[in-house]
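Peer 1: Have a look at the structure that comes next, please.
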Amino acid sequence: MADSLSTVAAIRRAFREAPVLGDKLWLPVVFNMGGTVVQLLIPVLVQLSIDRYLEGPGRVDMAAILTIAGIGLLAVVVGGLLTRAGLVRLVKQATTGLSDLRVSVFDHLLRRSVLHVQTEGRGSLVSRVTSDMWTLQEFMEWGGVMFLVNGTQVSATLVVMFAYDWRLALLVLLGASVYAASLLWFQRILRRRYDKVRATVASSLTVMGEAISGLPSVRAYAAEAVTQRRVDEALEARFRAEFKAGHFGNVLFATSEIFAAALTAGVVVGGLLLGVGGGVTAGVLLAFLFLVNLLISPVQMMVEILDFAQSAASGLRRIIEALDAPVEIAEPLQPVALPGGNLSIEFEGVSYRYPTGPEVLSHVNAAIDSGRRVAVVGETGSGKTTFSKLLVRLLDPIEGTVRIGGVDLRDVALVDLRRRVTFVPQEGFLVTGTVAENVRYGMPNATDRDLRTAFIELGLDGWLDGLVSGLATSVGERGSSMSAGERQLIALVRAWIAAPDLLVLDEATSAVDPALDVALRHAMERLTAGRTTVTIAHRLATAESADEVLVFDEGRLVERGTHQDLLANNGHYQRLYADWAAGTATR
Amino acid sequence: MVLSQGLRIVGRFIRARPWSFASAVTGAALFAGSIIASSAVIGWITDTAILPVLQDGEPTHGRLTGVVAAIAAVAAWKAAAIVMRRTSAGWLQLRTRQDLRSQLIGTQMDLELAWFDRQSIGNLLSVADTDAEQGTSVLAPLPYATGVSLLVVGTVVLLALLDPWLGLVALVGMTLVVAIEVRSATVLYPFWERIQVQHGVVSGLAHEMFDGALTLKALGREPMATQRMKTESDELRERLVYVGVRWETYRTIIVSLIPAISLITLAVGAARVDAGAISAGDVVTALYLLSLLTFPIQLIAFVLFDLAVAIPAWNRVAAVMTADEVVKHGAVVADESGTPAPVESSTVGFSYEEGVQVLDGLDIDIPAGRTVAIVGRTGSGKTTLALLLARLWDPKSGSIRIDGRDLRDFARFELPKEVAFVAQEAFLFDDTVRGNISLGLDVGESEIDAATALAGASEFVTDLPRGLDTPIGERGASLSGGQRQRLALARALVRKPRLLILDDATSAVDPSVERAILERLREASMPSTVVIVAYRPSSIRLADEVVFVSAGRVVDQGTHAELMARQPTYADLVQAYERDAALRSRDDG
């Protein structure tokens, strides 16, 4: 993948995504010419002085020297102001563009399927919007600016050289071209090294992240030594990759000195051989030595930037690849509106398999009328969780069609779908913030009164009042100061205030203690009355109260019916229920 | 002040690796020497070849070899100096960075979980990543800057030797350049800190949102997350632009100063040539040397800036490195006799935050070899008690003893040989199944097989493509919740603990599977005291005894039947399901 996208294509793509990045890039270039002219002043003045005004003791034209020096100083001031204007513009433009790009990439990554977000290393997702971006930022601020300054200087220097003497200029140009060609060759090797560096950086971040966030487990099992060893190994691999790439860059940089020497020697020898007869004056030859230097320094700098540019380009390519990776759960081109009110459900020949695994759902056919409350049961691995993810379109089926309200899910605009259908996943995830902020994820414009009402309706006002500051209580970083049960409880309130026309609960009450669970479930029953509800349940009490029960086994829908009918059936459900009843009996 | 602080930090790094620094500085000094030599060579070429041949018409013959040899020699010198300087400096910087990160992780492993509780994970990650990087970024260009400083001094000396007046111009000019460079770094560094803080915010936000992706998607709240990212990213942009604009201003001034000094040198030099004090070649030498300085001299500002940047970054690194809430250990060595251990506690008090008492005078007494269920409502302190029993936290008051020994008296790494803790949410590492079970413990194939069998994990592990050697991805992403819990259980069982603590560790496992696991645990010839924090009546029934906890105290302890008989609140809690089911069937009838 990494090689399929050229750097140029990646840059072009970045300009398209964040147009401000490429907006009037010629402007800073033009402004920079001011600074370049200042740099070129010195060789030109040396030539003038040596050839005309500085012929020896007593033969110096001081008036002329002072005049050119005065004009030169004025040029330095004007050139400096122009340069600053150009650089400031460039910095603002780059920083703004990269910020826009970061938001785009973040948004895109978040839109990808939940499967991708969960399987892709979290560290690597985060580094797309952090460290990769920071490499680019540093590059634009330092490397990009230098590249611009130096690039204009190289071109302008060549122009002045040709004005002085085309033969010597040609010699310099030839040398510079050979050198540039060899750089392009080195560039390919550098690029590979930096891709490897990036990979070791990402894996060292993952391992360090585990050592930090998994610390309680590490502590509980005295696994400090093995964890530290994993960290140290990852860091060592990272060191090796970084050092090797760095050393290679250093050798590359040093070769530019040899290049500089060759050009300088070539110019002196060429100039002396051409001689005065060939039109080369001492002043012109000396000016050339200065000019070669004005050419060499930027080329050296550009070589240095090149190795920086490689790591920035690697980062950019990864960012663009992330940006261009198709969103698995695609928006329909021509969305179909869902009918109003409660939504019916229909699975027609639906199969699903995770990319690397066996089929987890096989040819499921099921129709659920609107307003029904359905429980889905089955053993671990029966496919009931996958069923729920397909139902809310967190995944798309490999085969078959899922419809709600008679509309193929793939034809429903996602914003419409999420507004009408609410899914409460197994693990109640909270964001850092207050209880109120977390519940508001269900309905962003809910007032505190609305939130309170929701707690009262669910019979949870007692719990809410028990918190230190009620709705304004902080849940800690990602809900860390709430118990697992409390996190789920907030997740349920959050789902409730979203007021969906189809509610899907995945084992949402599994970690709430029984008394709280029962209170919650009674409230849910009151409030889900007349609303299409699908509950994926461990606890068959939920199934008992459901209008209908769907029983899954090994990826197939094996039974369906009411609790009473299924019990009488002596099938899978009967066995599951017997199991569960034995588990909950207290005597 | 800023600079001396920065230099102290750098000094510490250098003392740790003096040889690579010495080698880098030697390279830098050789580099400075080569630049001065190259301008001397140009002056020499001017006076002995260019002027005689091109102005005085002398023959070219015999002069070319010397010219080429001199230029080539200086170039070889310079190239070697560059590689020596940069590669040594790179080694110094990268090794220091590696050490720092390794030490950061090592330090954190020694700290109390109470300390962690007050930190943000995102911030700790950014300390280990970005701050360790910024704190050492100065090390690579530092030797170069040292070389450039030598070069600046060398320039002034060389020009002063040519002519005192030229020396004076150089002295004044260079002092001005360096003063402006120092100022730019000191003025801008506080604003750099604000940038760093905001980097941490953006990184933390990204972590949090990717972690909660499932919930965000389920609620269709991706746009809200994107909006939050936009707000924080915009703030970061503002801060970056503020510093960037000022930085470019300073840099432009520095870059313009060199041509300005050159022009003055030209005027002064011309006057001195006129007076017969120096040759035209000397003026060329001076101007050539100044032109060679244009690029390197900017490096001084870069390094000063890096030095300033390193300070806040280093301060954050140091805050972690010097945290002193180290878990204290005694000298007790684990009893590995394999017998079950009794556990008791006296008047244990605990609070996560001041004034909110979670455990309050809690006494438990669990005889060796018993299976005990801790039962209580949400928020009663069950999980906290489990954490204290494994010594993941220490009680604020009172004590907990296993087999008569206070948990705090155990030597480091010893307690986990006797006590195994399985949490509600299993944390799995990006490793193989085997690696996750052994976690560094030296255990054989048969022991792992036995533990996975006991944990009810054999079947799915066998079905994995490479069995025990299958990598399970970051945080076990390729496994289901129940599978993750069973692996965590196997991890505990393989250690044959004298005390096994299960904190709702089977919640994502189906009831029948859970029961099978717990029964196997009771039947197995694994002599262990088992403490289960339980919600399911089935788990409770499997226990010999129940400890009923409410508001941070033990209300009662006894068999399930006893508690059912004498504790109405206990009966209420445990019977909630049954009564619920009964009510429903009466409604139906």
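Residue numbering restarts at 1 in every chain; chains get A, B, ... in the order shown in the structure tokens, and ligands count up from 1 in that same order.
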Can you write out as CSV which residues of chain A fall within 6 Å of chain B, alongside each residue's closest atom pair and its distance in Å to one decimal, counting only C-alpha atoms and ordering rows by chain and ascending residue number?
Peer 2:
```
residue,atom,partner,partner_atom,distance
A:Pro57,CA,B:Asp274,CA,4.3
A:Gly58,CA,B:Asp274,CA,4.7
A:Val60,CA,B:Asp274,CA,5.3
A:Ala69,CA,B:Leu263,CA,5.4
A:Leu73,CA,B:Ala260,CA,5.9
A:Arg84,CA,B:Thr249,CA,5.9
A:Val88,CA,B:Val245,CA,5.3
A:Lys92,CA,B:Val241,CA,5.8
A:Thr95,CA,B:Arg237,CA,6.0
A:Ser99,CA,B:Ser233,CA,5.8
A:Val103,CA,B:Lys230,CA,5.7
A:Asp107,CA,B:Thr226,CA,5.5
A:Thr119,CA,B:Ala477,CA,5.8
A:Gly121,CA,B:Glu474,CA,6.0
A:Val126,CA,B:Ala206,CA,5.8
A:Tyr221,CA,B:Pro416,CA,5.4
A:Ala222,CA,B:Phe413,CA,5.2
A:Ala223,CA,B:Leu439,CA,5.8
A:Val226,CA,B:Gly440,CA,5.1
A:His247,CA,B:Thr87,CA,5.7
A:Asn250,CA,B:Val83,CA,5.7
A:Ala254,CA,B:Ala79,CA,4.8
A:Glu257,CA,B:Ala79,CA,5.8
A:Ile258,CA,B:Ala75,CA,5.8
A:Ala261,CA,B:Ala75,CA,5.7
A:Ala265,CA,B:Val68,CA,5.5
A:Val276,CA,B:Leu54,CA,5.7
A:Thr281,CA,B:Leu54,CA,5.9
A:Ala282,CA,B:Leu54,CA,5.3
A:Arg418,CA,B:Gly220,CA,4.8
A:Thr422,CA,B:Leu219,CA,5.9
A:Phe423,CA,B:Ala218,CA,5.0
A:Phe429,CA,B:Gly212,CA,5.8
A:Asp513,CA,B:Tyr535,CA,5.5
A:Ala515,CA,B:Leu573,CA,5.2
A:Asp579,CA,B:Ser512,CA,5.8
A:Gly583,CA,B:Ser538,CA,4.2
A:Thr584,CA,B:Pro537,CA,4.8
```
Peer 1: Once you have the residues from the selection above, write them out as a PDB file, in the first residue's frame, restricted to C-alpha atoms.
Peer 2:
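What landed in again_37.pdb:
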```pdb
ATOM      1  CA  PRO A  57      46.756  50.763  -1.968  1.00  0.00           C
ATOM      2  CA  GLY A  58      45.889  54.373  -2.875  1.00  0.00           C
ATOM      3  CA  VAL A  60      40.530  52.603  -4.074  1.00  0.00           C
ATOM      4  CA  ALA A  69      27.422  49.608   0.348  1.00  0.00           C
ATOM      5  CA  LEU A  73      22.071  48.149   3.160  1.00  0.00           C
ATOM      6  CA  ARG A  84       9.122  38.183   6.564  1.00  0.00           C
ATOM      7  CA  VAL A  88       4.437  34.660   7.889  1.00  0.00           C
ATOM      8  CA  LYS A  92      -0.321  30.726   8.762  1.00  0.00           C
ATOM      9  CA  THR A  95      -0.781  25.624  10.119  1.00  0.00           C
ATOM     10  CA  SER A  99      -5.461  21.757  11.288  1.00  0.00           C
ATOM     11  CA  VAL A 103     -10.118  17.316  11.468  1.00  0.00           C
ATOM     12  CA  ASP A 107     -13.753  12.536  10.990  1.00  0.00           C
ATOM     13  CA  THR A 119      -9.180  -3.965  15.141  1.00  0.00           C
ATOM     14  CA  GLY A 121      -4.345  -0.610  16.773  1.00  0.00           C
ATOM     15  CA  VAL A 126      -4.320   8.157  17.192  1.00  0.00           C
ATOM     16  CA  TYR A 221       0.510 -10.527  38.263  1.00  0.00           C
ATOM     17  CA  ALA A 222       3.983  -9.220  39.064  1.00  0.00           C
ATOM     18  CA  ALA A 223       4.440  -8.950  35.306  1.00  0.00           C
ATOM     19  CA  VAL A 226       8.110  -9.102  31.194  1.00  0.00           C
ATOM     20  CA  HIS A 247      23.330   7.719   9.815  1.00  0.00           C
ATOM     21  CA  ASN A 250      24.415  11.936   7.525  1.00  0.00           C
ATOM     22  CA  ALA A 254      28.480  14.855   3.892  1.00  0.00           C
ATOM     23  CA  GLU A 257      30.739  18.702   0.712  1.00  0.00           C
ATOM     24  CA  ILE A 258      32.581  16.674  -1.879  1.00  0.00           C
ATOM     25  CA  ALA A 261      34.630  21.070  -3.454  1.00  0.00           C
ATOM     26  CA  ALA A 265      37.824  23.457  -7.919  1.00  0.00           C
ATOM     27  CA  VAL A 276      41.334  37.123 -19.328  1.00  0.00           C
ATOM     28  CA  THR A 281      38.134  38.760 -14.926  1.00  0.00           C
ATOM     29  CA  ALA A 282      39.403  38.229 -11.396  1.00  0.00           C
ATOM     30  CA  ARG A 418     -29.032   7.108  14.028  1.00  0.00           C
ATOM     31  CA  THR A 422     -30.588   3.651  19.140  1.00  0.00           C
ATOM     32  CA  PHE A 423     -28.152   0.928  20.060  1.00  0.00           C
ATOM     33  CA  PHE A 429     -18.595   3.899  27.379  1.00  0.00           C
ATOM     34  CA  ASP A 513     -26.536  -5.659  40.474  1.00  0.00           C
ATOM     35  CA  ALA A 515     -31.900  -5.110  42.583  1.00  0.00           C
ATOM     36  CA  ASP A 579     -29.757 -23.676  32.608  1.00  0.00           C
ATOM     37  CA  GLY A 583     -28.303 -20.443  37.839  1.00  0.00           C
ATOM     38  CA  THR A 584     -30.654 -17.994  39.478  1.00  0.00           C
TER      39      THR A 584
END
```
Peer 1: Taking 6 positions as the minimum chain separation for residues in the same chain, which residues sit within 6 Å of region 44-53 of chain A when counting only C-alpha atoms? Answer as a PyMOL selection string.
Peer 2: chain A and resi 60-61+283-284+287
Peer 1: Go ahead and write the residues just picked, N, CA and C atoms, as a compact mmCIF listing (two decimals), in the first residue's frame.
Peer 2:
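Result written to selection11.txt:
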```txt
# COMPACT_ATOMS: atom_id res chain seq x y z
N VAL A 60 41.87 53.05 -4.42
CA VAL A 60 40.53 52.60 -4.07
C VAL A 60 39.55 53.76 -4.24
N ASP A 61 38.43 53.48 -4.95
CA ASP A 61 37.41 54.52 -5.17
C ASP A 61 36.42 54.44 -4.00
N GLY A 283 37.47 39.55 -10.80
CA GLY A 283 36.22 39.83 -10.08
C GLY A 283 35.15 38.81 -10.41
N VAL A 284 35.01 38.48 -11.69
CA VAL A 284 33.99 37.50 -12.09
C VAL A 284 34.29 36.15 -11.46
N ALA A 287 33.48 36.31 -7.82
CA ALA A 287 32.03 36.32 -7.68
C ALA A 287 31.49 34.91 -7.83
```
Peer 1: Need the shell around region 336-347 of chain A: protein/DNA/RNA residues with any atom at most 6 Å away, counting only C-alpha atoms. Skip same-chain ones fewer than 3 positions apart. Format as a list in words?
Peer 2: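 In the requested form, the answer reads Asn365, Ala366, Ala367, Ile368, Asp369, Ser370, Gly371, Val402, Arg403, Ile404, Gly405, Asp411, Val412 and Asp501 of chain A.
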Peer 1: Using only C-alpha atoms, which residues sit within 9 Å of Met302 (chain A) once same-chain residues fewer than 3 positions away are excluded, as a PDB file with C-alpha atoms, in the first residue's frame?
Peer 2:
```
ATOM      1  CA  GLY A 143      11.686  22.266   6.249  1.00  0.00           C
ATOM      2  CA  MET A 146      13.780  26.422   4.168  1.00  0.00           C
ATOM      3  CA  PHE A 147      12.944  24.534   1.035  1.00  0.00           C
ATOM      4  CA  ASN A 150      16.665  27.745  -0.713  1.00  0.00           C
ATOM      5  CA  GLY A 151      14.818  26.778  -3.841  1.00  0.00           C
ATOM      6  CA  SER A 297      24.612  25.950   1.109  1.00  0.00           C
ATOM      7  CA  PRO A 298      21.002  25.726  -0.040  1.00  0.00           C
ATOM      8  CA  VAL A 299      21.649  22.404  -1.733  1.00  0.00           C
ATOM      9  CA  ILE A 305      15.561  18.728   4.559  1.00  0.00           C
ATOM     10  CA  LEU A 306      15.245  15.797   2.222  1.00  0.00           C
ATOM     11  CA  ASP A 307      15.707  13.320   5.012  1.00  0.00           C
TER      12      ASP A 307
END
```
Peer 1: For Arg317 (chain A), work out the shell of residues within 12 Å, counting only C-alpha atoms and skipping chain neighbours fewer than 2 positions away, then give it as a PyMOL selection string.
Peer 2: chain A and resi 1-14+128+132-133+136+191+194-195+198+309-315+319-325
Peer 1: Enter the distance from CA of Phe350 (chain B) to CA of Arg553 (chain B), in Å, rounded to one decimal.
Peer 2: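 CA of Phe350 (chain B) sits 10.8 Å away from CA of Arg553 (chain B).
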Peer 1: What separation in Å, quoted to one decimal, exists between CA of Leu21 (chain A) and CA of Leu188 (chain B)?
Peer 2: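 For CA of Leu21 (chain A) relative to CA of Leu188 (chain B), the distance reads 25.0 Å.
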Peer 1: Quote the spacing between CA of Gly79 (chain A) and CA of Gln153 (chain A) in Å to one decimal place.
Peer 2: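 CA of Gly79 (chain A) sits 13.0 Å away from CA of Gln153 (chain A).
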Peer 1: Quick one: everything within 8 Å of Thr386 (chain A), counting only C-alpha atoms, minus sequence neighbours fewer than 6 positions away in the same chain. Send it as a PyMOL selection string.
Peer 2: chain A and resi 352+360-361
Peer 1: Got a sec: who's within 9 Å of Gly22 (chain A), counting only C-alpha atoms, leaving out chain neighbours fewer than 5 positions off, as a PyMOL selection string?
Peer 2: chain A and resi 12+14-16+93-94+97
